[in-house]
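Structure file input.cif (mmCIF, C-alpha atoms) is printed below.
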```cif
data_coords
loop_
_atom_site.label_atom_id
_atom_site.label_comp_id
_atom_site.auth_asym_id
_atom_site.auth_seq_id
_atom_site.Cartn_x
_atom_site.Cartn_y
_atom_site.Cartn_z
CA GLN A 1 10.33 28.44 -23.86
CA LYS A 2 11.51 30.58 -20.96
CA GLU A 3 12.07 28.79 -17.67
CA VAL A 4 10.01 31.36 -15.76
CA GLU A 5 6.95 33.02 -17.30
CA GLN A 6 5.29 36.10 -15.87
CA ASP A 7 2.65 38.32 -17.45
CA PRO A 8 4.20 41.79 -17.68
CA GLY A 9 0.84 43.54 -17.36
CA PRO A 10 0.38 46.41 -16.82
CA LEU A 11 -2.11 45.80 -14.06
CA SER A 12 -4.16 48.71 -12.73
CA VAL A 13 -6.43 48.41 -9.68
CA PRO A 14 -8.23 50.78 -7.29
CA GLU A 15 -6.98 51.31 -3.77
CA GLY A 16 -8.23 48.60 -1.43
CA ALA A 17 -8.43 45.90 -4.09
CA ILE A 18 -6.94 42.43 -3.74
CA VAL A 19 -4.13 41.94 -6.23
CA SER A 20 -3.09 38.57 -7.59
CA LEU A 21 0.28 38.18 -9.31
CA ASN A 22 1.40 34.91 -10.82
CA CYS A 23 4.32 33.06 -12.35
CA THR A 24 4.66 29.67 -13.94
CA TYR A 25 7.83 27.69 -14.39
CA SER A 26 8.90 24.68 -16.38
CA ASN A 27 11.82 23.22 -14.44
CA SER A 28 10.90 20.96 -11.53
CA ALA A 29 14.41 21.51 -10.09
CA PHE A 30 13.33 24.89 -8.72
CA GLN A 31 13.03 24.62 -4.96
CA TYR A 32 13.18 28.15 -3.55
CA PHE A 33 10.79 30.89 -4.57
CA MET A 34 10.94 34.63 -4.01
CA TRP A 35 8.99 37.76 -4.78
CA TYR A 36 10.80 41.05 -5.19
CA ARG A 37 9.33 44.52 -5.49
CA GLN A 38 11.12 47.06 -7.65
CA TYR A 39 10.26 50.72 -7.68
CA SER A 40 11.17 52.74 -10.74
CA ARG A 41 14.95 53.15 -11.08
CA LYS A 42 15.61 51.34 -7.80
CA GLY A 43 17.04 47.94 -6.89
CA PRO A 44 14.78 44.91 -6.27
CA GLU A 45 13.61 44.62 -2.66
CA LEU A 46 12.89 41.18 -1.22
CA LEU A 47 9.24 40.80 -0.20
CA MET A 48 8.66 37.10 0.34
CA TYR A 49 10.78 33.97 0.34
CA THR A 50 9.37 30.46 0.46
CA TYR A 51 10.67 26.93 0.15
CA SER A 52 7.86 24.44 0.26
CA SER A 53 4.45 24.22 -1.35
CA GLY A 54 1.72 26.01 0.55
CA ASN A 55 1.05 29.52 1.78
CA LYS A 56 3.19 32.02 3.62
CA GLU A 57 1.72 35.21 5.00
CA ASP A 58 3.44 38.46 5.97
CA GLY A 59 1.14 41.36 6.73
CA ARG A 60 -0.87 42.20 3.65
CA PHE A 61 1.17 39.85 1.49
CA THR A 62 0.59 36.14 0.95
CA ALA A 63 2.87 33.96 -1.17
CA GLN A 64 1.53 30.69 -2.50
CA VAL A 65 3.50 27.87 -4.09
CA ASP A 66 2.04 24.90 -5.94
CA LYS A 67 4.92 22.71 -7.03
CA SER A 68 2.65 20.10 -8.61
CA SER A 69 1.35 22.73 -11.03
CA LYS A 70 4.63 24.68 -11.20
CA TYR A 71 2.74 27.81 -10.28
CA ILE A 72 3.44 30.53 -7.73
CA SER A 73 1.34 33.49 -6.68
CA LEU A 74 1.59 36.65 -4.64
CA PHE A 75 -1.57 38.18 -3.18
CA ILE A 76 -1.70 41.72 -1.90
CA ARG A 77 -4.66 42.57 0.31
CA ASP A 78 -5.97 46.09 0.85
CA SER A 79 -3.67 47.43 -1.86
CA GLN A 80 -2.26 50.92 -1.43
CA PRO A 81 -0.92 53.47 -3.92
CA SER A 82 2.50 52.87 -2.35
CA ASP A 83 2.30 49.29 -3.67
CA SER A 84 2.60 50.66 -7.21
CA ALA A 85 5.78 49.04 -8.52
CA THR A 86 7.03 46.17 -10.64
CA TYR A 87 6.81 42.77 -8.97
CA LEU A 88 9.37 40.16 -9.94
CA CYS A 89 9.13 36.48 -9.20
CA ALA A 90 12.41 34.60 -8.83
CA MET A 91 13.47 31.07 -8.07
CA ASN A 92 16.53 28.89 -7.77
CA LYS A 93 17.48 25.26 -7.81
CA GLY A 94 18.42 23.00 -4.98
CA SER A 95 20.01 25.62 -2.75
CA THR A 96 19.64 29.20 -1.69
CA LEU A 97 23.08 29.75 -3.18
CA GLY A 98 23.46 30.09 -6.89
CA ARG A 99 21.83 32.08 -9.62
CA LEU A 100 18.25 33.28 -9.49
CA TYR A 101 15.93 32.85 -12.44
CA PHE A 102 13.60 35.79 -12.81
CA GLY A 103 10.28 36.37 -14.44
CA ARG A 104 9.95 39.43 -16.58
CA GLY A 105 8.07 41.34 -13.86
CA THR A 106 4.49 42.62 -13.61
CA GLN A 107 3.95 46.37 -13.48
CA LEU A 108 1.26 47.24 -10.93
CA THR A 109 -0.48 50.59 -10.46
CA VAL A 110 -2.82 51.16 -7.53
CA TRP A 111 -4.85 54.30 -8.01
CA PRO A 112 -6.46 56.25 -5.14
CA ASN B 1 23.39 46.79 9.01
CA ALA B 2 24.21 48.54 5.79
CA GLY B 3 22.76 47.00 2.68
CA VAL B 4 24.51 46.10 -0.54
CA MET B 5 26.38 49.10 -1.86
CA GLN B 6 27.10 49.83 -5.49
CA ASN B 7 29.03 52.62 -7.12
CA PRO B 8 28.87 54.60 -9.17
CA ARG B 9 25.09 54.87 -9.37
CA HIS B 10 25.30 56.35 -12.85
CA LEU B 11 28.09 55.89 -15.35
CA VAL B 12 28.40 57.39 -18.81
CA ARG B 13 30.95 56.03 -21.25
CA ARG B 14 31.68 56.54 -24.92
CA ARG B 15 31.91 53.57 -27.24
CA GLY B 16 35.24 51.85 -26.88
CA GLN B 17 35.92 52.97 -23.31
CA GLU B 18 36.07 50.75 -20.25
CA ALA B 19 33.44 50.60 -17.52
CA ARG B 20 34.17 49.46 -13.96
CA LEU B 21 31.28 48.77 -11.62
CA ARG B 22 31.83 48.15 -7.93
CA CYS B 23 29.82 46.20 -5.39
CA SER B 24 30.29 45.86 -1.63
CA PRO B 25 28.16 43.04 -0.20
CA MET B 26 26.23 43.20 3.05
CA LYS B 27 28.26 42.62 6.18
CA GLY B 28 28.73 38.91 6.75
CA HIS B 29 27.92 37.98 3.15
CA SER B 30 30.62 36.33 1.10
CA HIS B 31 28.59 35.43 -2.00
CA VAL B 32 28.15 38.04 -4.72
CA TYR B 33 26.03 37.90 -7.85
CA TRP B 34 25.81 40.27 -10.80
CA TYR B 35 22.65 40.70 -12.89
CA ARG B 36 21.82 42.90 -15.86
CA GLN B 37 18.45 44.48 -16.56
CA LEU B 38 17.60 45.82 -19.97
CA PRO B 39 14.63 48.17 -20.44
CA GLU B 40 11.28 46.38 -20.13
CA GLU B 41 13.02 43.10 -19.28
CA GLY B 42 13.60 41.10 -16.14
CA LEU B 43 16.93 40.55 -14.50
CA LYS B 44 19.40 38.27 -16.27
CA PHE B 45 22.08 36.47 -14.32
CA MET B 46 25.66 37.18 -15.30
CA VAL B 47 28.09 35.78 -12.73
CA TYR B 48 28.33 34.35 -9.21
CA LEU B 49 31.47 34.83 -7.14
CA GLN B 50 32.86 34.05 -3.75
CA LYS B 51 36.00 35.60 -2.34
CA GLU B 52 38.78 35.05 -4.92
CA ASN B 53 36.69 32.51 -6.84
CA ILE B 54 34.30 32.57 -9.77
CA ILE B 55 31.64 29.95 -9.05
CA ASP B 56 29.36 30.34 -12.08
CA GLU B 57 29.95 32.62 -15.05
CA SER B 58 27.47 30.96 -17.38
CA GLY B 59 25.60 34.24 -17.94
CA MET B 60 28.63 36.33 -18.83
CA PRO B 61 29.21 37.31 -22.46
CA LYS B 62 32.32 35.52 -23.71
CA GLU B 63 34.15 38.67 -24.68
CA ARG B 64 34.80 42.05 -23.07
CA PHE B 65 33.19 41.19 -19.71
CA SER B 66 35.05 40.06 -16.60
CA ALA B 67 34.37 39.96 -12.88
CA GLU B 68 36.39 39.55 -9.74
CA PHE B 69 35.87 39.48 -6.00
CA PRO B 70 39.26 39.87 -4.34
CA LYS B 71 40.14 38.89 -0.81
CA GLU B 72 40.03 42.54 0.19
CA GLY B 73 37.77 45.17 -1.30
CA PRO B 74 34.63 45.19 -3.41
CA SER B 75 33.61 42.98 -6.27
CA ILE B 76 34.31 44.53 -9.67
CA LEU B 77 32.42 44.00 -12.92
CA ARG B 78 34.56 45.21 -15.80
CA ILE B 79 33.35 45.86 -19.32
CA GLN B 80 36.00 46.59 -21.89
CA GLN B 81 35.42 48.44 -25.16
CA VAL B 82 31.80 49.22 -24.35
CA VAL B 83 29.17 49.28 -27.09
CA ARG B 84 25.72 50.86 -27.11
CA GLY B 85 24.12 47.48 -26.43
CA ASP B 86 25.85 47.42 -23.03
CA SER B 87 23.61 50.27 -21.84
CA ALA B 88 21.58 48.77 -19.00
CA ALA B 89 21.14 48.70 -15.25
CA TYR B 90 23.61 46.39 -13.54
CA PHE B 91 22.62 45.02 -10.16
CA CYS B 92 24.72 43.30 -7.58
CA ALA B 93 23.26 40.99 -4.95
CA SER B 94 24.79 39.22 -1.98
CA SER B 95 23.85 36.29 0.20
CA PRO B 96 25.24 34.80 3.41
CA ASP B 97 27.18 31.56 3.73
CA ALA B 98 24.60 29.41 5.41
CA ILE B 99 22.61 27.40 2.92
CA GLY B 100 18.87 27.43 3.30
CA THR B 101 18.59 30.27 5.75
CA ASP B 102 18.45 33.27 3.49
CA THR B 103 18.42 34.50 -0.06
CA GLN B 104 19.86 37.28 -2.16
CA TYR B 105 19.65 40.96 -1.34
CA PHE B 106 20.14 43.54 -4.05
CA GLY B 107 21.95 46.82 -4.27
CA PRO B 108 20.56 49.99 -5.86
CA GLY B 109 22.24 49.28 -9.19
CA THR B 110 24.57 51.08 -11.55
CA ARG B 111 22.97 52.57 -14.64
CA LEU B 112 25.41 52.47 -17.51
CA THR B 113 24.84 54.67 -20.53
CA VAL B 114 27.04 54.21 -23.57
CA LEU B 115 27.09 57.16 -25.95
#
```

Please, can you express the file's structure as structure tokens?
Amino acid sequence: QKEVEQDPGPLSVPEGAIVSLNCTYSNSAFQYFMWYRQYSRKGPELLMYTYSSGNKEDGRFTAQVDKSSKYISLFIRDSQPSDSATYLCAMNKGSTLGRLYFGRGTQLTVWP
Amino acid sequence: NAGVMQNPRHLVRRRGQEARLRCSPMKGHSHVYWYRQLPEEGLKFMVYLQKENIIDESGMPKERFSAEFPKEGPSILRIQQVVRGDSAAYFCASSPDAIGTDTQYFGPGTRLTVL
């Protein structure tokens, strides 16, 4: 069993839709949670970074962490074609230093 | 503030040659990480370095791969005697010293093709 599971999609939605992206994990040692966006043939770009359970909002993006269920989510409101990318969840243990464990990534397409 | 820089962006090698990938972290960052991404797969951790020290190399293949982060200059990921299975995108990330205040920022990657 992989430590971080993420449905690879693909996910295709119309412009303006609310997008929900999710990851589950098996190791309760994970303490820090991130979402990265990766455009084709580019490096991952940090979108959201959270530590505790609960919600964190940044513009159209909301990150949600439920440590009791070992489940994290990223919501994108009013999705735009420019949001079309692969979204990677990542997490690490006990410190912001040290290796990140990534999900496989979900490919999202937002069509006009 | 310049981001993480990697070069070359594209590298083509024939089987048996050596590949050297370079990474300059963000200003003020002294922690460097290398990850590999195969087609249709997520990023896999390879190695974590600080200046002149390897902190965690648990993701590095036992043979042919090595990494360094000298006191001066960029971090280097070196792959000796490359094989076709080494073809992948290699990403470097960096993070600052202070624990709990920030996370890892990635460079644009080096795409290695082994012929």

Care to translate the PyMOL selection byres ((chain B and resi 88) around 12) into actual residues of this file, as a PyMOL selection string?
(chain A and resi 41) or (chain B and resi 9-12+35-44+82-87+89-91+109-114)

Extract, using only C-alpha atoms, all DNA, RNA and protein residues at most 8 Å from Thr86 in chain A, discarding same-chain residues fewer than 5 positions from it, and format them as an MDAnalysis selection string.
chainID A and resid 37:40 105:108

Here CA of Leu74 in chain A and CA of Arg60 in chain A stand apart by 10.3 Å

Taking all atoms listed in the file into account, find every residue of chain A that has an atom no more than 12 Å from chain B, and write it out as a compact mmCIF listing (two decimals) with C-alpha atoms, in the frame of the given file.
```
# COMPACT_ATOMS: atom_id res chain seq x y z
CA LYS A 2 11.51 30.58 -20.96
CA VAL A 4 10.01 31.36 -15.76
CA GLU A 5 6.95 33.02 -17.30
CA GLN A 6 5.29 36.10 -15.87
CA ASP A 7 2.65 38.32 -17.45
CA PRO A 8 4.20 41.79 -17.68
CA GLY A 9 0.84 43.54 -17.36
CA PRO A 10 0.38 46.41 -16.82
CA GLN A 31 13.03 24.62 -4.96
CA TYR A 32 13.18 28.15 -3.55
CA PHE A 33 10.79 30.89 -4.57
CA MET A 34 10.94 34.63 -4.01
CA TRP A 35 8.99 37.76 -4.78
CA TYR A 36 10.80 41.05 -5.19
CA ARG A 37 9.33 44.52 -5.49
CA GLN A 38 11.12 47.06 -7.65
CA TYR A 39 10.26 50.72 -7.68
CA SER A 40 11.17 52.74 -10.74
CA ARG A 41 14.95 53.15 -11.08
CA LYS A 42 15.61 51.34 -7.80
CA GLY A 43 17.04 47.94 -6.89
CA PRO A 44 14.78 44.91 -6.27
CA GLU A 45 13.61 44.62 -2.66
CA LEU A 46 12.89 41.18 -1.22
CA LEU A 47 9.24 40.80 -0.20
CA MET A 48 8.66 37.10 0.34
CA TYR A 49 10.78 33.97 0.34
CA THR A 50 9.37 30.46 0.46
CA TYR A 51 10.67 26.93 0.15
CA SER A 52 7.86 24.44 0.26
CA THR A 86 7.03 46.17 -10.64
CA TYR A 87 6.81 42.77 -8.97
CA LEU A 88 9.37 40.16 -9.94
CA CYS A 89 9.13 36.48 -9.20
CA ALA A 90 12.41 34.60 -8.83
CA MET A 91 13.47 31.07 -8.07
CA ASN A 92 16.53 28.89 -7.77
CA LYS A 93 17.48 25.26 -7.81
CA GLY A 94 18.42 23.00 -4.98
CA SER A 95 20.01 25.62 -2.75
CA THR A 96 19.64 29.20 -1.69
CA LEU A 97 23.08 29.75 -3.18
CA GLY A 98 23.46 30.09 -6.89
CA ARG A 99 21.83 32.08 -9.62
CA LEU A 100 18.25 33.28 -9.49
CA TYR A 101 15.93 32.85 -12.44
CA PHE A 102 13.60 35.79 -12.81
CA GLY A 103 10.28 36.37 -14.44
CA ARG A 104 9.95 39.43 -16.58
CA GLY A 105 8.07 41.34 -13.86
CA THR A 106 4.49 42.62 -13.61
CA GLN A 107 3.95 46.37 -13.48
```

One number please: CA of Ala85 in chain A to CA of His29 in chain B, in Å, one decimal.
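Taking CA of Ala85 in chain A as the start and CA of His29 in chain B as the end point, the length is 27.4 Å.
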
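The gap separating CA of Ser24 in chain B from CA of Pro74 in chain B is 4.7 Å, in Å to one decimal.
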
If the PyMOL selection byres ((chain B and resi 66) around 10) is run on the structure shown, which residues does it catch, given as a PyMOL selection string?
chain B and resi 20+46-47+57+60-65+67-68+76-80

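Distance check against Asp66 in chain A using all atoms listed in the file: of A:Leu11, A:Phe30, A:Ser79, A:Thr109, the minimum falls on A:Phe30.
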
Nearest to Met26 in chain B: which of B:Ser75, B:Glu52, B:Arg13, B:Pro70 is it, counting all atoms listed in the file?
B:Ser75

Need the shell around Pro81 in chain A: protein/DNA/RNA residues with any atom at most 7 Å away, counting only C-alpha atoms. Skip same-chain ones fewer than 3 positions apart. Format as a list of chain:residue names?
A:Glu15, A:Ser84, A:Val110, A:Trp111, A:Pro112

A:Thr62, A:Ser68, A:Ser73, A:Asn55: which is nearest Ser28 in chain A, counting all atoms listed in the file?
A:Ser68

Pick the closest to Gly28 in chain B from B:Lys71, B:Ala2, B:Gly16, B:Gln81: which is it, counting all atoms listed in the file?
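Under the stated criterion, the closest residue is B:Ala2.
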
Rank A:Phe61, A:Ser82, A:Gly54, A:Tyr71 by their smallest atom-to-atom distance to Val19 in chain A, using only C-alpha atoms, and report the top residue only.
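Once distances to Val19 in chain A are computed over only C-alpha atoms, the minimum belongs to A:Phe61.
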
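Among the candidates A:Ser53, A:Lys70, A:Gln80, A:Glu3, the one nearest to Asn22 in chain A when counting only C-alpha atoms is A:Lys70.
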
Which residues match the PyMOL selection byres ((chain A and resi 78) around 6) in the file above, as an NGL selection string?
:A and (16-18 or 77 or 79)
